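**Student:** Got query.tsv for you, TSV, C-alpha atoms:
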chain	number	residue	atom	x	y	z
A	1	MET	CA	-27.27	-10.66	9.05
A	2	THR	CA	-23.77	-11.25	7.67
A	3	LEU	CA	-25.18	-12.23	4.27
A	4	VAL	CA	-27.26	-9.03	4.14
A	5	ALA	CA	-24.20	-6.97	5.04
A	6	ILE	CA	-22.18	-8.72	2.30
A	7	ILE	CA	-24.86	-8.04	-0.33
A	8	LEU	CA	-25.16	-4.37	0.64
A	9	ALA	CA	-21.38	-3.88	0.76
A	10	THR	CA	-20.75	-5.62	-2.56
A	11	LEU	CA	-23.50	-3.63	-4.29
A	12	ALA	CA	-22.06	-0.41	-2.86
A	13	ALA	CA	-18.56	-1.34	-4.02
A	14	GLY	CA	-19.58	-2.73	-7.40
A	15	ILE	CA	-22.27	-0.30	-8.54
A	16	GLY	CA	-21.28	2.65	-6.34
A	17	SER	CA	-17.81	2.74	-7.90
A	18	VAL	CA	-19.35	2.89	-11.38
A	19	TRP	CA	-21.64	5.79	-10.50
A	20	LEU	CA	-18.82	7.62	-8.73
A	21	ALA	CA	-16.61	7.14	-11.79
A	22	ALA	CA	-19.36	8.52	-14.04
A	23	LEU	CA	-19.86	11.49	-11.71
A	24	LEU	CA	-16.17	12.34	-11.66
A	25	MET	CA	-16.01	12.10	-15.45
A	26	ARG	CA	-19.04	14.36	-15.72
A	27	LEU	CA	-17.26	16.88	-13.52
A	28	GLY	CA	-14.29	16.75	-15.86
A	29	LEU	CA	-12.01	14.55	-13.73
A	30	GLY	CA	-10.69	11.91	-16.07
A	31	GLY	CA	-13.20	12.55	-18.80
A	32	ARG	CA	-10.59	12.67	-21.60
A	33	ALA	CA	-9.24	9.40	-22.94
A	34	ASP	CA	-5.69	10.38	-22.08
A	35	SER	CA	-6.52	11.26	-18.48
A	36	VAL	CA	-8.46	8.20	-17.37
A	37	GLY	CA	-7.73	7.45	-13.74
A	38	PRO	CA	-6.61	10.79	-12.31
A	39	GLN	CA	-3.35	10.60	-10.42
A	40	HIS	CA	-4.91	11.49	-7.09
A	41	LEU	CA	-7.46	8.68	-7.41
A	42	LEU	CA	-4.75	6.18	-8.27
A	43	SER	CA	-2.71	7.32	-5.24
A	44	LEU	CA	-5.76	7.15	-2.98
A	45	ALA	CA	-6.64	3.63	-4.18
A	46	ALA	CA	-3.06	2.38	-3.81
A	47	GLY	CA	-2.88	3.65	-0.24
A	48	ALA	CA	-6.22	2.08	0.65
A	49	LEU	CA	-5.31	-1.30	-0.84
A	50	LEU	CA	-1.90	-1.47	0.85
A	51	ALA	CA	-3.28	-0.42	4.23
A	52	THR	CA	-6.10	-2.95	3.98
A	53	ALA	CA	-3.74	-5.80	3.10
A	54	PHE	CA	-0.93	-5.10	5.55
A	55	MET	CA	-2.80	-3.52	8.47
A	56	HIS	CA	-6.00	-5.56	8.50
A	57	LEU	CA	-6.34	-8.67	6.33
A	58	LEU	CA	-2.91	-10.16	6.99
A	59	PRO	CA	-2.92	-9.47	10.76
A	60	GLU	CA	-6.35	-11.14	10.96
A	61	ALA	CA	-5.04	-14.17	9.06
A	62	PHE	CA	-1.99	-14.47	11.32
A	63	GLU	CA	-4.16	-14.39	14.45
A	64	SER	CA	-5.55	-17.78	13.45
A	65	GLN	CA	-4.06	-21.20	14.11
A	66	ALA	CA	-2.57	-21.32	10.61
A	67	GLY	CA	1.22	-21.38	10.46
A	68	ALA	CA	3.11	-18.29	9.40
A	69	HIS	CA	5.09	-20.26	6.82
A	70	ASP	CA	1.91	-21.55	5.14
A	71	LEU	CA	0.31	-18.10	5.10
A	72	PHE	CA	3.39	-16.44	3.60
A	73	ALA	CA	3.53	-19.23	1.02
A	74	THR	CA	-0.13	-18.57	0.16
A	75	LEU	CA	0.60	-14.86	-0.14
A	76	LEU	CA	3.52	-15.58	-2.50
A	77	VAL	CA	1.53	-18.02	-4.62
A	78	GLY	CA	-1.31	-15.51	-4.82
A	79	VAL	CA	0.93	-12.71	-6.10
A	80	VAL	CA	2.47	-15.02	-8.73
A	81	PHE	CA	-0.99	-16.27	-9.70
A	82	PHE	CA	-2.29	-12.77	-10.38
A	83	PHE	CA	0.88	-11.97	-12.32
A	84	LEU	CA	0.28	-15.01	-14.54
A	85	LEU	CA	-3.35	-13.98	-15.04
A	86	ASP	CA	-2.13	-10.59	-16.23
A	87	LYS	CA	0.30	-12.23	-18.64
A	88	ALA	CA	-2.39	-14.57	-19.96
A	89	GLU	CA	-4.79	-11.66	-20.50
A	90	LEU	CA	-2.17	-9.63	-22.38
A	91	TRP	CA	-1.36	-12.65	-24.57
A	92	HIS	CA	-5.05	-13.27	-25.24
A	93	HIS	CA	-5.73	-9.70	-26.33
A	94	GLY	CA	-2.60	-9.58	-28.46
A	95	HIS	CA	-3.72	-12.61	-30.45
A	96	GLU	CA	-7.42	-11.80	-30.46
A	97	HIS	CA	-7.10	-8.32	-31.86
A	98	SER	CA	-3.75	-8.50	-33.73
A	99	HIS	CA	-3.50	-4.84	-32.84
A	100	PRO	CA	-0.13	-3.08	-33.27
A	101	GLU	CA	-0.24	-1.39	-29.88
A	102	PRO	CA	2.23	-3.00	-27.51
A	103	ALA	CA	1.16	-0.65	-24.73
A	104	ARG	CA	-2.36	-2.06	-24.63
A	105	GLN	CA	-2.26	-3.22	-20.98
A	106	ASP	CA	-5.85	-4.26	-20.48
A	107	HIS	CA	-5.38	-5.88	-17.10
A	108	ASP	CA	-8.43	-8.01	-16.59
A	109	HIS	CA	-7.30	-10.35	-13.87
A	110	GLY	CA	-9.59	-12.84	-12.42
A	111	HIS	CA	-8.91	-12.09	-8.57
A	112	ALA	CA	-10.07	-15.22	-7.13
A	113	HIS	CA	-9.58	-12.25	-8.54
A	114	SER	CA	-10.51	-12.23	-9.35
A	115	HIS	CA	-8.99	-10.16	-9.20
A	116	GLU	CA	-9.29	-10.01	-12.07
A	117	GLY	CA	-9.07	-7.08	-14.19
A	118	GLN	CA	-7.67	-3.73	-13.50
A	119	GLY	CA	-7.38	-1.91	-16.75
A	120	HIS	CA	-6.78	1.44	-15.08
A	121	ALA	CA	-5.93	4.13	-17.54
A	122	HIS	CA	-5.32	1.59	-20.25
A	123	HIS	CA	-8.75	0.65	-21.55
A	124	HIS	CA	-8.87	3.55	-23.93
A	125	HIS	CA	-6.37	1.73	-26.17
A	126	ALA	CA	-8.90	-1.05	-26.84
A	127	PRO	CA	-10.31	-1.54	-30.33
A	128	ARG	CA	-13.71	-0.08	-30.93
A	129	ALA	CA	-15.23	-3.54	-31.18
A	130	GLY	CA	-13.93	-4.56	-27.76
A	131	GLY	CA	-16.84	-3.31	-25.64
A	132	TRP	CA	-18.26	-6.72	-24.81
A	133	ALA	CA	-14.80	-8.11	-24.13
A	134	VAL	CA	-14.30	-5.32	-21.60
A	135	LEU	CA	-17.65	-6.06	-19.95
A	136	THR	CA	-16.90	-9.79	-19.76
A	137	GLY	CA	-13.51	-9.21	-18.18
A	138	ASP	CA	-14.99	-6.64	-15.81
A	139	SER	CA	-17.72	-9.06	-14.73
A	140	VAL	CA	-15.16	-11.75	-13.90
A	141	HIS	CA	-13.13	-9.13	-12.06
A	142	CYS	CA	-16.15	-7.99	-10.04
A	143	PHE	CA	-17.16	-11.57	-9.24
A	144	GLY	CA	-13.73	-12.14	-7.72
A	145	ASP	CA	-13.95	-8.88	-5.79
A	146	GLY	CA	-17.22	-10.10	-4.30
A	147	ILE	CA	-15.60	-13.31	-3.09
A	148	LEU	CA	-12.78	-11.36	-1.49
A	149	ILE	CA	-15.17	-8.99	0.27
A	150	ALA	CA	-17.22	-11.95	1.52
A	151	SER	CA	-14.06	-13.62	2.87
A	152	ALA	CA	-13.29	-10.47	4.84
A	153	PHE	CA	-16.84	-10.26	6.21
A	154	MET	CA	-16.74	-13.90	7.30
A	155	ALA	CA	-13.67	-13.12	9.39
A	156	ASP	CA	-14.98	-9.87	10.86
A	157	ILE	CA	-17.67	-7.34	9.92
A	158	ARG	CA	-15.11	-4.57	10.36
A	159	LEU	CA	-12.72	-6.25	7.91
A	160	GLY	CA	-15.54	-6.64	5.42
A	161	VAL	CA	-16.36	-2.94	5.50
A	162	ILE	CA	-12.68	-2.04	5.07
A	163	ALA	CA	-12.30	-4.44	2.15
A	164	ALA	CA	-15.43	-3.05	0.47
A	165	VAL	CA	-14.15	0.53	0.80
A	166	SER	CA	-10.78	-0.48	-0.65
A	167	VAL	CA	-12.38	-2.28	-3.58
A	168	LEU	CA	-14.59	0.75	-4.26
A	169	ALA	CA	-11.54	3.05	-4.22
A	170	HIS	CA	-9.52	1.07	-6.73
A	171	GLU	CA	-12.50	0.33	-8.98
A	172	VAL	CA	-13.28	4.02	-9.63
A	173	PRO	CA	-10.36	4.63	-12.04
A	174	HIS	CA	-10.92	1.15	-13.50
A	175	HIS	CA	-14.56	1.93	-14.32
A	176	MET	CA	-13.55	5.25	-15.81
A	177	GLY	CA	-11.58	3.22	-18.33
A	178	ASP	CA	-14.56	0.95	-18.98
A	179	LEU	CA	-16.85	3.90	-19.61
A	180	VAL	CA	-14.37	5.45	-22.03
A	181	VAL	CA	-14.20	2.23	-24.06
A	182	LEU	CA	-17.97	1.79	-24.19
A	183	ARG	CA	-18.50	5.41	-25.15
A	184	GLN	CA	-16.13	4.84	-28.06
A	185	THR	CA	-18.14	1.84	-29.23
A	186	SER	CA	-21.54	3.47	-28.69
A	187	PRO	CA	-22.67	7.11	-28.61
A	188	ASN	CA	-25.31	6.32	-25.97
A	189	ARG	CA	-23.70	7.38	-22.68
A	190	ARG	CA	-26.64	6.25	-20.57
A	191	MET	CA	-26.51	2.73	-22.02
A	192	ALA	CA	-22.76	2.60	-21.37
A	193	LEU	CA	-23.41	3.47	-17.72
A	194	VAL	CA	-26.12	0.79	-17.48
A	195	LYS	CA	-23.86	-1.89	-18.98
A	196	VAL	CA	-20.94	-1.13	-16.68
A	197	SER	CA	-23.31	-0.95	-13.68
A	198	LEU	CA	-24.63	-4.43	-14.51
A	199	ALA	CA	-21.06	-5.72	-14.65
A	200	GLY	CA	-20.43	-4.05	-11.30
A	201	ALA	CA	-23.52	-5.72	-9.85
A	202	VAL	CA	-21.83	-9.09	-10.42
A	203	THR	CA	-19.81	-8.18	-7.31
A	204	ALA	CA	-22.90	-9.03	-5.26
A	205	LEU	CA	-23.15	-12.44	-6.95
A	206	GLY	CA	-19.53	-13.09	-6.03
A	207	GLY	CA	-20.31	-12.00	-2.48
A	208	VAL	CA	-23.17	-14.51	-2.15
A	209	VAL	CA	-21.07	-17.34	-3.61
A	210	GLY	CA	-18.20	-16.35	-1.33
A	211	TYR	CA	-20.49	-16.38	1.71
A	212	PHE	CA	-21.55	-19.99	1.16
A	213	LEU	CA	-18.12	-21.11	-0.07
A	214	VAL	CA	-16.20	-19.70	2.88
A	215	GLY	CA	-18.97	-20.82	5.23
A	216	GLN	CA	-18.35	-24.42	4.17
A	217	LEU	CA	-14.58	-24.02	4.43
A	218	GLN	CA	-14.16	-22.12	7.68
A	219	ASP	CA	-10.80	-23.76	8.42
A	220	LEU	CA	-9.44	-22.26	5.21
A	221	LEU	CA	-10.56	-18.70	6.04
A	222	PRO	CA	-7.03	-17.51	6.96
A	223	TYR	CA	-5.87	-18.64	3.53
A	224	PHE	CA	-8.75	-16.83	1.83
A	225	LEU	CA	-7.63	-13.69	3.66
A	226	ALA	CA	-4.05	-14.25	2.50
A	227	VAL	CA	-5.24	-14.60	-1.10
A	228	ALA	CA	-7.29	-11.42	-0.73
A	229	SER	CA	-4.18	-9.66	0.59
A	230	SER	CA	-2.07	-10.91	-2.32
A	231	SER	CA	-4.67	-9.56	-4.72
A	232	PHE	CA	-4.68	-6.12	-3.10
A	233	VAL	CA	-0.88	-5.99	-2.90
A	234	TYR	CA	-0.48	-7.05	-6.51
A	235	VAL	CA	-2.98	-4.51	-7.83
A	236	ALA	CA	-1.38	-1.71	-5.83
A	237	LEU	CA	2.25	-2.52	-6.66
A	238	ALA	CA	1.94	-3.88	-10.21
A	239	ASP	CA	-0.91	-1.77	-11.58
A	240	LEU	CA	-1.51	1.45	-9.66
A	241	ILE	CA	1.88	2.56	-8.35
A	242	PRO	CA	3.72	2.07	-11.70
A	243	GLN	CA	1.32	4.62	-13.17
A	244	LEU	CA	2.45	7.06	-10.49
A	245	GLN	CA	6.16	6.56	-11.22
A	246	LYS	CA	6.75	9.53	-13.48
A	247	ARG	CA	8.76	12.71	-13.26
A	248	LEU	CA	6.72	15.34	-11.42
A	249	THR	CA	7.24	18.74	-9.90
A	250	ALA	CA	7.87	18.94	-6.17
A	251	ARG	CA	4.32	20.18	-5.63
A	252	GLU	CA	2.80	17.34	-7.66
A	253	THR	CA	4.93	14.79	-5.85
A	254	ILE	CA	3.82	16.10	-2.46
A	255	ALA	CA	0.18	15.95	-3.60
A	256	GLN	CA	0.67	12.40	-4.82
A	257	ILE	CA	2.13	11.32	-1.49
A	258	ALA	CA	-0.63	13.15	0.38
A	259	TRP	CA	-3.31	11.25	-1.53
A	260	LEU	CA	-1.48	7.97	-0.93
A	261	VAL	CA	-1.44	8.66	2.81
A	262	ALA	CA	-5.07	9.79	2.62
A	263	GLY	CA	-6.02	6.35	1.32
A	264	MET	CA	-4.35	4.76	4.33
A	265	VAL	CA	-5.98	7.23	6.71
A	266	ILE	CA	-9.44	6.58	5.24
A	267	VAL	CA	-9.01	2.83	5.78
A	268	THR	CA	-7.92	3.49	9.36
A	269	LEU	CA	-10.91	5.77	10.02
A	270	VAL	CA	-13.33	3.27	8.50
A	271	SER	CA	-11.77	0.57	10.65
A	272	GLY	CA	-12.25	2.66	13.77
A	273	ALA	CA	-15.85	3.51	12.92
A	274	ALA	CA	-16.72	-0.08	12.13
A	275	HIS	CA	-15.02	-1.26	15.31
A	276	GLY	CA	-17.03	1.27	17.28
A	277	HIS	CA	-20.28	-0.22	15.95
Translate this structure into structure tokens?

**Tutor:**
Amino acid sequence: MTLVAIILATLAAGIGSVWLAALLMRLGLGGRADSVGPQHLLSLAAGALLATAFMHLLPEAFESQAGAHDLFATLLVGVVFFFLLDKAELWHHGHEHSHPEPARQDHDHGHAHSHEGQGHAHHHHAPRAGGWAVLTGDSVHCFGDGILIASAFMADIRLGVIAAVSVLAHEVPHHMGDLVVLRQTSPNRRMALVKVSLAGAVTALGGVVGYFLVGQLQDLLPYFLAVASSSFVYVALADLIPQLQKRLTARETIAQIAWLVAGMVIVTLVSGAAHGH
């Protein structure tokens, strides 16, 4: 039953986020290359990720027999690890493309991340020949997301649902960037959607691997949750929130904060609904 739930949740997060991104772009939200990842979506995703990490994953990890010192150390190592993955990815792209665009931040982390690769609002700087590179990085990213979602499900079904919702939220602006890149390399919009959807489907593969991996290492589950938390915290603080740090009008700032809080509220509501079931 848990495995079925993991597969369904990872497919919903992986493929559902792609289709939602395509729908929003079709409606004109983020369809232009310079507006990938609308501010409200970035705020919503950041709020969801932070709430999931600090209000659900970490508390669950600390309820185990694992020591607080070891869990905080794992959290710290995880954040540094994802930072180094980002640096390695930036170095790789700089040498691979020899492209004179220092702002090219194609964050394809490997969260597990996978994490992994958040290229929110940056993918449109990629060279036209970089479509397959984007898909490869996205697949690795999604695989890591699947492992993180599976880790949450193995701890508690409720946590798994929350983690899946959070991953879906932060993947929407990311997939907008992917679709923009692929539409630049190919005029066939439908094929671009299919390719990104297939990359998103790798989330389910990561979920299955995570299910059997965590199942064999139950004693390490609290540490898996700490790593998942470090991934969510890093993505929110290093990738999403910096994109929100710009001079805005009072009205825009209030809207930004409202969407950030909305992300936290959504996670709380999902948690309550899942707990009820």

**Student:** Just give me the gap between CA of Ala5 (chain A) and CA of Phe153 (chain A) in Å, one decimal is fine.

**Tutor:**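 A separation of 8.1 Å between them.
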
**Student:** How many Å lie between CA of Gln184 (chain A) and CA of Leu84 (chain A), rounded to one decimal?

**Tutor:**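 Between CA of Gln184 (chain A) and CA of Leu84 (chain A) the gap is 29.1 Å.
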
**Student:** Between CA of Trp259 (chain A) and CA of Phe62 (chain A), what is the distance, to one decimal in Å?

**Tutor:** 28.8 Å

**Student:** From the options A:Thr249, A:Gln243, A:Ser197, A:Gln256, which residue's atoms come nearest to Gly14 (chain A), counting all atoms listed in the file?

**Tutor:**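 Of all the options, A:Ser197 lies closest to Gly14 (chain A).
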
**Student:** From the list A:Met55, A:Ile147, A:Leu24, A:Ala68, which residue is nearest Met176 (chain A) when using all atoms listed in the file?

**Tutor:**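 Result for the nearest residue to Met176 (chain A): A:Leu24.
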
**Student:** My list of candidates is A:Ile149, A:Met154, A:Ala51, A:Ala13. Which is closest to Gln218 (chain A) when distances are computed with all atoms listed in the file?

**Tutor:**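 Of A:Ile149, A:Met154, A:Ala51, A:Ala13, the one nearest Gln218 (chain A), counting all atoms listed in the file, is A:Met154.
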
**Student:** Neighbours of Gly207 (chain A) within 7 Å (all atoms listed in the file; same-chain residues fewer than 3 positions away dropped), as a list in words?

**Tutor:**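 After dropping sequence-adjacent residues, the list is Ile6, Ile7, Thr10, Gly146, Ile147, Ile149, Ala150, Thr203, Ala204, Gly210 and Tyr211 of chain A.
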
**Student:** So for region 244-261 of chain A, what box centre and size do we get, axis-aligned, 5 Å extra on each of the six sides, every listed atom, Å to one decimal, as lines of an AutoDock Vina configuration file?

**Tutor:**
center_x = 2.7
center_y = 13.4
center_z = -5.3
size_x = 22.1
size_y = 23.6
size_z = 26.3

**Student:** Counting only C-alpha atoms, which of A:Leu8, A:Leu50, A:Val161, A:Ala169 gets nearest to Ala21 (chain A)?

**Tutor:**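 That would be A:Ala169, the residue with the smallest distance to Ala21 (chain A).
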
**Student:** Ala255 (chain A): which residues within 12 Å, counting all atoms listed in the file, same-chain residues fewer than 6 positions away excluded, as an MDAnalysis selection string?

**Tutor:** chainID A and resid 39:44 244 248:249 261:262

**Student:** Here is a test: counting all atoms listed in the file, which residue of A:Val227, A:Ile257, A:Thr268, A:Pro173 is nearest to Val80 (chain A)?

**Tutor:**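 Once distances to Val80 (chain A) are computed over all atoms listed in the file, the minimum belongs to A:Val227.
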